[in-house]
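Chemist: I am sharing coords.cif, which consists of mmCIF, C-alpha atoms (C1' of nucleotides):
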data_structure
#
loop_
_atom_site.label_atom_id
_atom_site.label_comp_id
_atom_site.auth_asym_id
_atom_site.auth_seq_id
_atom_site.Cartn_x
_atom_site.Cartn_y
_atom_site.Cartn_z
CA MET A 18 -72.24 74.69 185.15
CA THR A 19 -73.41 77.61 183.07
CA ARG A 20 -71.60 80.91 183.23
CA GLN A 21 -74.79 82.56 184.48
CA ARG A 22 -75.01 80.08 187.35
CA GLU A 23 -71.37 80.68 188.26
CA LEU A 24 -72.02 84.40 188.47
CA ALA A 25 -75.12 83.90 190.62
CA LEU A 26 -73.14 81.82 193.12
CA ASP A 27 -70.01 83.92 193.09
CA PRO A 28 -69.72 85.94 196.30
CA GLN A 29 -67.13 88.21 194.63
CA PRO A 30 -68.97 90.69 192.42
CA SER A 31 -65.62 91.70 190.96
CA MET A 32 -65.43 88.45 189.01
CA ALA A 33 -68.22 89.78 186.78
CA THR A 34 -66.61 93.21 186.48
CA ARG A 35 -65.29 94.50 183.20
CA ARG A 36 -61.83 95.99 183.71
CA GLU A 37 -60.32 98.83 181.77
CA TRP A 38 -56.89 100.32 182.40
CA LEU A 39 -57.04 104.11 182.17
CA ASP A 40 -53.28 104.39 182.45
CA ASP A 41 -50.36 102.58 184.03
CA GLY A 42 -51.51 102.13 187.61
CA ALA A 43 -55.13 103.32 187.07
CA LEU A 44 -57.91 100.75 186.71
CA LEU A 45 -61.64 101.20 186.07
CA LEU A 46 -63.79 98.36 187.48
CA ARG A 47 -67.07 98.82 185.64
CA GLY A 48 -70.07 98.15 187.92
CA HIS A 49 -67.94 96.59 190.64
CA ALA A 50 -70.07 98.05 193.47
CA GLY A 51 -73.44 97.65 191.76
CA ALA A 52 -74.55 94.65 193.81
CA VAL A 53 -74.07 96.47 197.12
CA ALA A 54 -75.16 99.91 195.95
CA VAL A 55 -78.52 100.06 197.72
CA ASP A 56 -76.96 99.13 201.05
CA MET A 57 -74.10 101.57 200.62
CA VAL A 58 -76.40 104.46 199.72
CA THR A 59 -78.46 103.67 202.83
CA GLU A 60 -75.23 103.84 204.84
CA ILE A 61 -74.32 107.18 203.28
CA LYS A 62 -77.61 108.62 204.51
CA ARG A 63 -77.04 107.21 208.00
CA ILE A 64 -73.54 108.71 208.15
CA ALA A 65 -74.91 112.03 206.93
CA ARG A 66 -77.27 112.16 209.90
CA LEU A 67 -74.19 112.14 212.18
CA SER A 68 -71.92 114.36 210.07
CA PRO A 69 -74.12 116.27 207.64
CA PHE A 70 -73.20 117.12 204.07
CA ARG A 71 -71.83 120.64 203.81
CA ARG A 72 -70.32 122.79 201.10
CA MET A 73 -66.80 123.91 201.94
CA ALA A 74 -64.95 127.10 201.09
CA THR A 75 -61.79 126.99 199.01
CA PRO A 76 -58.60 128.81 199.99
CA GLY A 77 -59.15 131.17 197.07
CA GLY A 78 -62.44 132.37 198.56
CA GLY A 79 -64.86 130.39 196.41
CA MET A 80 -67.45 127.83 197.47
CA MET A 81 -67.42 124.26 196.24
CA SER A 82 -70.57 123.14 194.43
CA VAL A 83 -70.11 119.60 195.77
CA ALA A 84 -71.44 118.85 199.27
CA MET A 85 -69.13 116.73 201.41
CA THR A 86 -68.95 114.67 204.54
CA CYS A 87 -66.47 112.02 205.69
CA CYS A 88 -66.09 108.85 207.67
CA GLY A 89 -63.07 107.07 209.07
CA ALA A 90 -60.28 108.16 211.38
CA ARG A 91 -59.65 111.38 209.48
CA GLY A 92 -61.67 113.54 207.12
CA TRP A 93 -60.76 116.00 204.38
CA CYS A 94 -61.63 119.65 204.96
CA SER A 95 -61.17 122.86 203.04
CA ASP A 96 -61.56 126.43 204.26
CA GLY A 97 -59.91 129.80 203.79
CA GLN A 98 -56.77 128.44 205.43
CA GLY A 99 -56.25 125.53 203.06
CA TYR A 100 -56.83 121.82 202.67
CA ARG A 101 -56.14 119.33 205.45
CA TYR A 102 -57.23 116.14 207.14
CA VAL A 103 -58.72 116.38 210.62
CA ALA A 104 -59.79 113.74 213.14
CA ALA A 105 -63.00 115.54 214.15
CA ASP A 106 -65.80 117.04 212.10
CA PRO A 107 -65.32 120.83 212.45
CA GLN A 108 -69.09 121.30 212.19
CA THR A 109 -70.05 118.96 215.05
CA GLY A 110 -66.84 118.82 217.08
CA GLN A 111 -67.28 115.03 217.16
CA PRO A 112 -65.08 112.39 215.55
CA TRP A 113 -66.11 111.50 212.02
CA PRO A 114 -68.42 108.47 211.91
CA PRO A 115 -66.52 105.18 211.67
CA MET A 116 -65.79 103.74 208.24
CA PRO A 117 -68.16 100.79 207.74
CA ALA A 118 -66.20 97.51 207.65
CA THR A 119 -67.95 96.51 204.42
CA TRP A 120 -66.78 99.73 202.74
CA ARG A 121 -63.23 99.17 203.87
CA GLN A 122 -63.27 95.63 202.49
CA LEU A 123 -64.63 96.82 199.15
CA ALA A 124 -61.85 99.42 198.90
CA ILE A 125 -59.15 96.92 199.85
CA HIS A 126 -60.49 94.43 197.31
CA ALA A 127 -60.60 97.03 194.52
CA ALA A 128 -57.07 98.20 195.32
CA ARG A 129 -55.82 94.62 195.21
CA ALA A 130 -57.51 94.11 191.83
CA ALA A 131 -55.42 97.02 190.54
CA GLY A 132 -52.24 95.53 191.97
CA TYR A 133 -52.04 97.40 195.26
CA ASP A 134 -51.81 94.85 198.05
CA GLY A 135 -51.92 95.97 201.66
CA PHE A 136 -54.08 99.06 201.14
CA GLU A 137 -55.26 100.28 204.56
CA PRO A 138 -57.60 103.24 204.08
CA ASP A 139 -58.04 105.51 207.10
CA SER A 140 -60.34 108.05 205.42
CA CYS A 141 -63.39 108.07 203.19
CA LEU A 142 -64.51 111.35 201.66
CA ILE A 143 -68.19 111.28 200.69
CA ASN A 144 -69.09 113.72 197.93
CA GLY A 145 -72.70 114.61 197.09
CA TYR A 146 -73.33 116.06 193.64
CA ARG A 147 -76.63 117.65 192.65
CA PRO A 148 -77.21 118.54 188.99
CA GLY A 149 -74.83 121.34 188.07
CA ALA A 150 -72.26 120.41 190.71
CA ARG A 151 -68.72 119.84 189.46
CA MET A 152 -65.21 119.20 190.66
CA GLY A 153 -62.50 121.22 189.04
CA LEU A 154 -59.30 119.66 187.78
CA HIS A 155 -57.01 118.85 190.70
CA GLN A 156 -54.51 116.42 192.18
CA ASP A 157 -55.08 114.50 195.42
CA ARG A 158 -51.97 115.56 197.26
CA ASP A 159 -53.04 116.26 200.81
CA GLU A 160 -52.18 112.74 201.97
CA ARG A 161 -48.80 112.01 203.51
CA SER A 162 -49.02 108.47 202.15
CA ASP A 163 -48.69 107.73 198.44
CA ALA A 164 -51.05 104.75 198.78
CA PRO A 165 -53.63 104.57 195.98
CA VAL A 166 -57.01 106.29 195.85
CA VAL A 167 -60.17 104.20 195.41
CA SER A 168 -63.24 105.99 194.02
CA VAL A 169 -66.78 104.53 194.03
CA SER A 170 -69.66 106.15 192.12
CA PHE A 171 -73.41 105.89 192.79
CA GLY A 172 -76.46 107.49 191.26
CA LEU A 173 -76.47 109.98 188.41
CA PRO A 174 -73.81 109.47 185.75
CA ALA A 175 -70.78 111.75 185.58
CA ILE A 176 -68.07 112.55 183.09
CA PHE A 177 -64.70 111.85 184.73
CA GLN A 178 -61.91 114.01 183.38
CA TRP A 179 -58.64 112.10 183.46
CA GLY A 180 -55.52 114.08 182.60
CA GLY A 181 -51.85 113.71 183.30
CA LEU A 182 -49.22 114.83 185.77
CA ARG A 183 -49.29 118.38 184.37
CA ARG A 184 -52.43 120.47 184.62
CA THR A 185 -52.25 121.27 180.93
CA ASP A 186 -52.03 117.65 179.79
CA PRO A 187 -54.89 116.61 177.50
CA LEU A 188 -57.99 115.20 179.21
CA ARG A 189 -59.81 111.97 178.53
CA ARG A 190 -63.54 112.01 179.27
CA ILE A 191 -64.77 108.78 180.81
CA PRO A 192 -68.41 108.20 181.80
CA LEU A 193 -68.70 106.95 185.40
CA LEU A 194 -71.95 105.11 186.09
CA HIS A 195 -73.71 103.73 189.14
CA GLY A 196 -71.48 101.11 190.78
CA ASP A 197 -68.30 101.96 188.90
CA VAL A 198 -65.02 101.88 190.84
CA VAL A 199 -61.77 103.59 189.83
CA VAL A 200 -58.40 102.92 191.45
CA TRP A 201 -55.36 105.07 190.80
CA GLY A 202 -51.91 104.76 192.30
CA GLY A 203 -48.28 104.21 191.43
CA VAL A 204 -47.24 106.40 188.51
CA SER A 205 -50.86 107.61 188.22
CA ARG A 206 -51.25 108.57 191.87
CA TYR A 207 -50.95 112.32 191.25
CA VAL A 208 -52.73 112.54 187.92
CA PHE A 209 -54.95 115.62 187.51
CA HIS A 210 -58.63 114.70 187.43
CA GLY A 211 -62.07 116.25 187.84
CA ILE A 212 -65.80 115.88 187.26
CA ALA A 213 -67.76 117.80 184.61
CA PRO A 214 -71.02 119.44 185.73
CA ILE A 215 -73.62 116.79 186.54
CA ARG A 216 -76.51 116.70 184.10
CA ALA A 217 -80.08 116.98 185.40
CA GLY A 218 -81.76 113.66 186.00
CA THR A 219 -83.12 111.17 188.49
CA HIS A 220 -81.68 107.82 189.49
CA ALA A 221 -83.77 104.94 190.85
CA VAL A 222 -81.45 104.45 193.87
CA THR A 223 -80.26 107.97 194.69
CA GLY A 224 -82.87 110.30 193.21
CA PRO A 225 -81.49 113.57 191.81
CA CYS A 226 -78.00 112.98 193.15
CA ARG A 227 -74.60 111.46 192.47
CA TYR A 228 -72.55 110.16 195.39
CA ASN A 229 -68.86 109.48 195.20
CA LEU A 230 -66.76 107.79 197.88
CA THR A 231 -62.99 108.17 197.84
CA PHE A 232 -60.91 105.97 200.09
CA ARG A 233 -57.43 107.12 201.01
CA ARG A 234 -54.55 106.47 203.34
CA THR A 235 -53.76 109.86 204.84
CA LEU A 236 -50.79 109.03 207.08
"C1'" DA B 28 -54.76 124.45 196.41
"C1'" DA B 29 -60.59 120.93 194.58
"C1'" DG B 30 -63.95 128.65 193.16
"C1'" DT B 31 -66.79 131.22 188.83
"C1'" DA B 32 -67.21 133.98 184.54
"C1'" DT B 33 -66.16 135.17 179.90
"C1'" DC B 34 -64.22 135.31 175.37
"C1'" DA B 35 -61.81 133.68 171.01
"C1'" DC C 4 -69.16 121.38 172.56
"C1'" DG C 5 -64.08 121.63 173.22
"C1'" DT C 6 -59.40 124.35 174.67
"C1'" DG C 7 -56.71 128.04 176.36
#
Any chance you could give the structure as structure tokens?
Modeler:
Amino acid sequence: MTRQRELALDPQPSMATRREWLDDGALLLRGHAGAVAVDMVTEIKRIARLSPFRRMATPGGGMMSVAMTCCGARGWCSDGQGYRYVAADPQTGQPWPPMPATWRQLAIHAARAAGYDGFEPDSCLINGYRPGARMGLHQDRDERSDAPVVSVSFGLPAIFQWGGLRRTDPLRRIPLLHGDVVVWGGVSRYVFHGIAPIRAGTHAVTGPCRYNLTFRRTL
DNA sequence: AAGTATCA
DNA sequence: CGTG
């Protein structure tokens, strides 16, 4: 059987994924979510009808340029009081929309590919980036669990800034493209990272937007 | 604390 | 365009 035929029959898109270790414990799965991207972007829009994208305030008094919503049992929020996970959307008073089972399975599969068995995400933060939007250098440290983080990118390309455990550690700049998945955990779990301002453009699936999903275990 | 602006 |  030809390699091409094997790939066409393979129900696991990851088998065709090019893997690149960013660091000990941090794996980039290039294009891993490409085959399901259209369906997942459709789901993002459905979720956003229930819990709309909104820009949150930071404790320092600024406003984030990235628009956010969440799904799953708990969702990440920021306001003048700080960062936290909450079970209900503060804007609607309703629980966050459920995490689609297909998303959960994708996140579990990606985590396993990076060596993290038993990942049970209870939260998915959905970030919407328009051109110019950015995410400053930060650590993900609002979770009580030290389970890994799984990040899935759709739409416009981004430059992922990948640093170290100290804010001043040198940064690597890694392009993240439509369908790319990054997993970080273990000794890389609290690495500083960010997203450079998104360049103007249009993507065939998402239009003038980048979406990023981050799956986490919060408890 | 995941903000922006500005300069060397 | 990058860092501090």
Chemist: With distances taken over all atoms listed in the file, which residue among A:Cys94, A:Arg35, A:Pro69, A:Gly153 lies nearest DG30 (chain B)?
Modeler: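 Going through A:Cys94, A:Arg35, A:Pro69, A:Gly153 one by one, the smallest distance to DG30 (chain B) is for A:Gly153.
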Chemist: What gap, in Å, lies between CA of Val167 (chain A) and CA of Thr231 (chain A)?
Modeler: 5.4 Å
Chemist: Counting all atoms listed in the file, what is within 12 Å of region 80-84 of chain A, bar same-chain residues fewer than 3 positions away, as a compact mmCIF listing (two decimals) with C-alpha atoms (C1' of nucleotides), keeping the file's coordinate frame?
Modeler:
# COMPACT_ATOMS: atom_id res chain seq x y z
CA ALA A 65 -74.91 112.03 206.93
CA SER A 68 -71.92 114.36 210.07
CA PRO A 69 -74.12 116.27 207.64
CA PHE A 70 -73.20 117.12 204.07
CA ARG A 71 -71.83 120.64 203.81
CA ARG A 72 -70.32 122.79 201.10
CA MET A 73 -66.80 123.91 201.94
CA ALA A 74 -64.95 127.10 201.09
CA THR A 75 -61.79 126.99 199.01
CA PRO A 76 -58.60 128.81 199.99
CA GLY A 77 -59.15 131.17 197.07
CA CYS A 87 -66.47 112.02 205.69
CA CYS A 94 -61.63 119.65 204.96
CA SER A 95 -61.17 122.86 203.04
CA ASP A 96 -61.56 126.43 204.26
CA GLY A 97 -59.91 129.80 203.79
CA LEU A 142 -64.51 111.35 201.66
CA ILE A 143 -68.19 111.28 200.69
CA ASN A 144 -69.09 113.72 197.93
CA GLY A 145 -72.70 114.61 197.09
CA TYR A 146 -73.33 116.06 193.64
CA ARG A 147 -76.63 117.65 192.65
CA PRO A 148 -77.21 118.54 188.99
CA GLY A 149 -74.83 121.34 188.07
CA ALA A 150 -72.26 120.41 190.71
CA ARG A 151 -68.72 119.84 189.46
CA MET A 152 -65.21 119.20 190.66
CA GLY A 153 -62.50 121.22 189.04
CA GLY A 211 -62.07 116.25 187.84
CA ILE A 212 -65.80 115.88 187.26
CA ALA A 213 -67.76 117.80 184.61
CA PRO A 214 -71.02 119.44 185.73
CA ILE A 215 -73.62 116.79 186.54
CA CYS A 226 -78.00 112.98 193.15
CA ARG A 227 -74.60 111.46 192.47
CA TYR A 228 -72.55 110.16 195.39
CA ASN A 229 -68.86 109.48 195.20
C1' DA B 29 -60.59 120.93 194.58
C1' DG B 30 -63.95 128.65 193.16
C1' DT B 31 -66.79 131.22 188.83
Chemist: What is the CA of Ile64 (chain A)-CA of Pro114 (chain A) distance in Å, reported with one decimal?
Modeler: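 Going from CA of Ile64 (chain A) over to CA of Pro114 (chain A) covers 6.4 Å.
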Chemist: Kindly indicate which residue among A:Gly172, A:Pro225, A:Pro112, A:Gly180 lies nearest to Ala54 (chain A), using all atoms listed in the file for the distances.
Modeler: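 Among the listed residues, A:Gly172 lies closest to Ala54 (chain A).
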Chemist: Please return, as number ranges by chain, all polymer residues that have at least one atom within 12 Å of the point (-64.5, 119.8, 171.8); use all atoms listed in the file and the file's own coordinate frame.
Modeler: A: 187-190; C: 4-6
Chemist: Filtering to C-alpha atoms (C1' of nucleotides), could you give me those residues as a compact mmCIF listing (two decimals), in the frame of the given file?
Modeler:
# COMPACT_ATOMS: atom_id res chain seq x y z
CA PRO A 187 -54.89 116.61 177.50
CA LEU A 188 -57.99 115.20 179.21
CA ARG A 189 -59.81 111.97 178.53
CA ARG A 190 -63.54 112.01 179.27
C1' DC C 4 -69.16 121.38 172.56
C1' DG C 5 -64.08 121.63 173.22
C1' DT C 6 -59.40 124.35 174.67
Chemist: Work out how far apart CA of Ala217 (chain A) and CA of Ile61 (chain A) are and give it in Å to one decimal.
Modeler: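 Computing it gives 21.2 Å between the two atoms.
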Chemist: Any chance you could work out the residue set of the PyMOL selection byres ((chain A and resi 115) around 10) here, as a list in words?
Modeler: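 Matching residues under the PyMOL selection byres ((chain A and resi 115) around 10) are Ile64, Cys87, Cys88, Gly89, Ala90, Arg91, Pro112, Trp113, Pro114, Met116, Pro117, Ala118, Asp139, Ser140 and Cys141 of chain A.
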Chemist: Tell me which residues the PyMOL selection byres ((chain A and resi 40) around 10) grabs here, as a CSV table (one decimal) with C-alpha atoms, in the coordinates of the input.
Modeler:
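Generated output (part07.csv):
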chain,number,residue,atom,x,y,z
A,37,GLU,CA,-60.3,98.8,181.8
A,38,TRP,CA,-56.9,100.3,182.4
A,39,LEU,CA,-57.0,104.1,182.2
A,41,ASP,CA,-50.4,102.6,184.0
A,42,GLY,CA,-51.5,102.1,187.6
A,43,ALA,CA,-55.1,103.3,187.1
A,44,LEU,CA,-57.9,100.8,186.7
A,45,LEU,CA,-61.6,101.2,186.1
A,179,TRP,CA,-58.6,112.1,183.5
A,180,GLY,CA,-55.5,114.1,182.6
A,181,GLY,CA,-51.8,113.7,183.3
A,201,TRP,CA,-55.4,105.1,190.8
A,202,GLY,CA,-51.9,104.8,192.3
A,204,VAL,CA,-47.2,106.4,188.5
A,205,SER,CA,-50.9,107.6,188.2
A,208,VAL,CA,-52.7,112.5,187.9
Chemist: In terms of the shortest atom-to-atom distance over only C-alpha atoms (C1' of nucleotides), which of A:Phe171, A:Phe209, A:Phe136, A:Trp120 is closest to chain B?
Modeler: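 Nearest candidate to chain B out of A:Phe171, A:Phe209, A:Phe136, A:Trp120: A:Phe209.
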